[in-house]
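S.K.: My structure is below; once you've seen it, I'll send some questions.
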Amino acid sequence: MEEGSSPYLSCPELEILRGACATYDIIQNRFKIQLANRCSLCGVADETLEHVLFHYTFAGRAWNWIFDIFDLIPNSNLVVSCKAAKVRSTMIRDLWLIANLVLRSELWDVRNKAVFQRQQPNWSIFFKRVLKLIQEFVVRLKGFMRNNAEDVIILDYFRVNHRRVKFLQPTECFWEPPEENEIQLCCDGAARGNPGVAGAGVVARNARCLVLGAMSIGLGVTTN
């Protein structure tokens, strides 16, 4: 997991990636015991981690919800799922990763509640909890967004505080060389702060636009 990620997301995901989640098929293979392998959620299919997290009807509804928001195709392989967002802005890529991790963790929690507490999943409760968790984790986002409707709609949906990036449009300017026997002096100054450390510079050109000389000078601490 990347530096600064939440232990709440890192620990379950580490178990999922290592195949350490105790689904019925893993228990059968590890302990070599005969066990009725039926999904506790649907009661029809064999229980595997991929079925619980992606193929079960409830899980499919959750991933379709996220797909509709991001317009990105999720995958059971986290690396492949993250690559789906490689052309998006940094902030959207990070938010997509958070959404994937939260969904995987919460879907596994839904399975455990069905097995150990006999609780069937409730979409309204699940939806509100996932949305709340994503909103809590997005405070870690430090990437940039793009000034397009697509990014703004996603960030507003999850209530991510963001600011628009100011794009400066370069202004094209022209200057004409001086007349014969004249010298053109181009000069400017700047201060780092107001007041702040300041300096100035001068460039001299002739009628053929050749640089005759240049100089710079420090002005100490002064105002613009």
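Just so we're on the same page: first chain in the structure tokens is A, next is B, and so on; residues restart at 1 for each chain, and ligands are numbered from 1 in the order they show up.
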Excluding Tyr56 of chain A and its own-chain neighbours fewer than 4 positions away, which residues fall within 8 Å of it when counting only C-alpha atoms? Please give them as a PyMOL selection string.
M.R.: chain A and resi 41-42+51-52+60
S.K.: Just to be explicit: take each residue in the selection above, keep N, CA, C and O atoms, and write the result as a CSV table (one decimal), in the first residue's frame.
M.R.:
chain,number,residue,atom,x,y,z
A,41,LEU,N,-24.3,-15.7,1.2
A,41,LEU,CA,-25.1,-14.6,0.8
A,41,LEU,C,-26.1,-15.0,-0.2
A,41,LEU,O,-27.3,-14.6,-0.1
A,42,CYS,N,-25.8,-15.8,-1.2
A,42,CYS,CA,-26.8,-16.2,-2.2
A,42,CYS,C,-27.3,-17.7,-2.0
A,42,CYS,O,-28.4,-18.0,-2.5
A,51,HIS,N,-16.1,-14.6,-6.0
A,51,HIS,CA,-17.5,-14.6,-6.0
A,51,HIS,C,-18.1,-13.6,-5.0
A,51,HIS,O,-19.0,-12.8,-5.3
A,52,VAL,N,-17.6,-13.6,-3.8
A,52,VAL,CA,-18.0,-12.7,-2.7
A,52,VAL,C,-17.8,-11.3,-3.0
A,52,VAL,O,-18.7,-10.4,-2.8
A,60,GLY,N,-22.2,-7.0,-7.4
A,60,GLY,CA,-22.3,-6.5,-8.7
A,60,GLY,C,-23.0,-5.2,-8.7
A,60,GLY,O,-22.6,-4.2,-9.5
S.K.: Determine which residues of chain A receive a DSSP assignment of strand (DSSP E), computed from the backbone, and state them as a VMD selection string.
M.R.: chain A and resid 184 to 193 196 to 205 211 to 222
S.K.: So which residues touch Lys132 of chain A within 9 Å, counting only C-alpha atoms, skipping near sequence neighbours fewer than 5 positions away, as a ChimeraX atom specification?
M.R.: /A:127,137,158
S.K.: Go ahead and save the residues from that selection, with N, CA and C atoms, as a compact mmCIF listing (two decimals), in the first residue's frame.
M.R.:
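The resulting out-v1.txt:
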# COMPACT_ATOMS: atom_id res chain seq x y z
N PHE A 127 -24.69 1.43 1.18
CA PHE A 127 -24.43 2.60 0.34
C PHE A 127 -23.99 3.79 1.19
N PHE A 137 -11.80 9.32 3.80
CA PHE A 137 -10.44 9.03 3.35
C PHE A 137 -9.92 10.03 2.32
N PHE A 158 -18.51 13.13 -4.17
CA PHE A 158 -17.93 12.63 -2.93
C PHE A 158 -17.58 13.75 -1.95
S.K.: Please, which residues in segment 131-224 of chain A fall within 10 Å of segment 93-99 of chain A when counting only C-alpha atoms, and what is the closest atom pair and distance in Å to one decimal for each, ordered by chain then residue number, as CSV?
M.R.:
residue,atom,partner,partner_atom,distance
A:Leu131,CA,A:Ala99,CA,8.8
A:Leu133,CA,A:Ala99,CA,9.0
A:Ile134,CA,A:Ala99,CA,6.3
A:Gln135,CA,A:Leu95,CA,9.7
A:Phe137,CA,A:Ile98,CA,7.3
A:Val138,CA,A:Leu95,CA,6.8
A:Arg140,CA,A:Asp94,CA,9.2
A:Leu141,CA,A:Asp94,CA,6.8
A:Lys142,CA,A:Asp94,CA,8.8
A:Gly143,CA,A:Asp94,CA,7.7
A:Phe144,CA,A:Arg93,CA,9.9
A:Met145,CA,A:Arg93,CA,9.7
A:Ile154,CA,A:Leu95,CA,9.2
A:Leu155,CA,A:Leu95,CA,8.6
A:Phe158,CA,A:Leu95,CA,9.2
A:Val160,CA,A:Leu95,CA,9.5
S.K.: Find the residues near Asp188 of chain A: any atom within 12 Å, counting only C-alpha atoms, skip ones fewer than 6 places away on the same chain, and give them as a list of chain:residue names.
M.R.: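 Close residues of Asp188 of chain A: A:Ala198, A:Gly199, A:Ala200, A:Gly201, A:Val202, A:Val203, A:Ala214, A:Met215, A:Ser216, A:Ile217, A:Asn224.
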S.K.: For segment 110-114 of chain A, please output as an mmCIF file with C-alpha atoms, in the first residue's frame all residues within 9 Å (counting only C-alpha atoms; exclusion window: fewer than 5 positions along the same chain).
M.R.:
data_model
loop_
_atom_site.group_PDB
_atom_site.id
_atom_site.type_symbol
_atom_site.label_atom_id
_atom_site.label_comp_id
_atom_site.auth_asym_id
_atom_site.auth_seq_id
_atom_site.Cartn_x
_atom_site.Cartn_y
_atom_site.Cartn_z
ATOM 1 C CA CYS A 39 -22.109 -18.893 -0.440
ATOM 2 C CA SER A 40 -23.703 -17.542 2.714
ATOM 3 C CA LEU A 41 -25.061 -14.603 0.759
ATOM 4 C CA VAL A 52 -18.044 -12.718 -2.702
ATOM 5 C CA LEU A 53 -16.303 -9.549 -3.857
ATOM 6 C CA SER A 105 -13.236 -4.152 2.421
ATOM 7 C CA GLN A 119 -27.279 -10.610 8.820
ATOM 8 C CA GLN A 120 -28.360 -10.255 5.227
ATOM 9 C CA PRO A 121 -26.949 -7.227 3.382
ATOM 10 C CA PHE A 126 -24.138 -0.348 2.747
#
S.K.: Given the choices A:Asn122, A:Ala190, A:Asp46, A:Asn148, which gets closest to Arg88 of chain A if the distance is worked out from only C-alpha atoms?
M.R.: A:Asn148
S.K.: For Leu103 of chain A, which of A:Ser76, A:Ser89, A:Gln117, A:Thr223 is the closest residue, counting only C-alpha atoms?
M.R.: A:Ser76
S.K.: DSSP on the backbone, then: every residue of segment 55-138 of chain A marked helix (DSSP H, G or I), written as JSON, numbers by chain.
M.R.: {"A": [55, 57, 58, 59, 60, 61, 62, 63, 64, 65, 66, 67, 68, 69, 70, 78, 79, 80, 81, 82, 83, 90, 91, 92, 93, 94, 95, 96, 97, 98, 99, 100, 101, 102, 103, 104, 105, 106, 107, 108, 109, 110, 111, 112, 113, 114, 115, 116, 123, 124, 125, 126, 127, 128, 129, 130, 131, 132, 133, 134, 135, 136, 137, 138]}
S.K.: When you draw a straight line from atom CA of Pro74 of chain A to atom CA of Asn161 of chain A, how long is it in Å?
M.R.: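 We find that atom CA of Pro74 of chain A and atom CA of Asn161 of chain A lie 24.7 Å from each other.
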S.K.: Have a look at atom CA of Met91 of chain A and atom CA of Val152 of chain A and let me know their distance in Å, one decimal.
M.R.: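 According to the coordinates, atom CA of Met91 of chain A and atom CA of Val152 of chain A are separated by 10.8 Å.
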S.K.: Find the residue from A:Phe31, A:Phe70, A:Trp108, A:Phe58 that sits nearest to Asp151 of chain A; use only C-alpha atoms when measuring.
M.R.: A:Phe70
S.K.: Point out the residue among A:Ala84, A:Ile69, A:Leu185, A:Cys11 with the least atom-to-atom distance to Leu101 of chain A, counting only C-alpha atoms.
M.R.: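 Looking at the shortest contact to Leu101 of chain A, the residue is A:Cys11.
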S.K.: Have a look at atom CA of Ile66 of chain A and atom CA of Ile153 of chain A and let me know their distance in Å, one decimal.
M.R.: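 Interatomic distance, atom CA of Ile66 of chain A to atom CA of Ile153 of chain A: 13.3 Å.
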S.K.: Calculated over only C-alpha atoms, which of the candidates A:Pro12, A:Ala22, A:Ala204, A:Tyr157 has the smallest distance to Cys187 of chain A?
M.R.: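 Result for the nearest residue to Cys187 of chain A: A:Ala204.
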S.K.: When you look at Ile73 of chain A with a cut-off of 10 Å (counting only C-alpha atoms), what residues show up, excluding the ones that are within fewer than 3 positions of it in the same chain? I need them as number ranges by chain.
M.R.: A: 63-64, 66-68, 70, 80-85
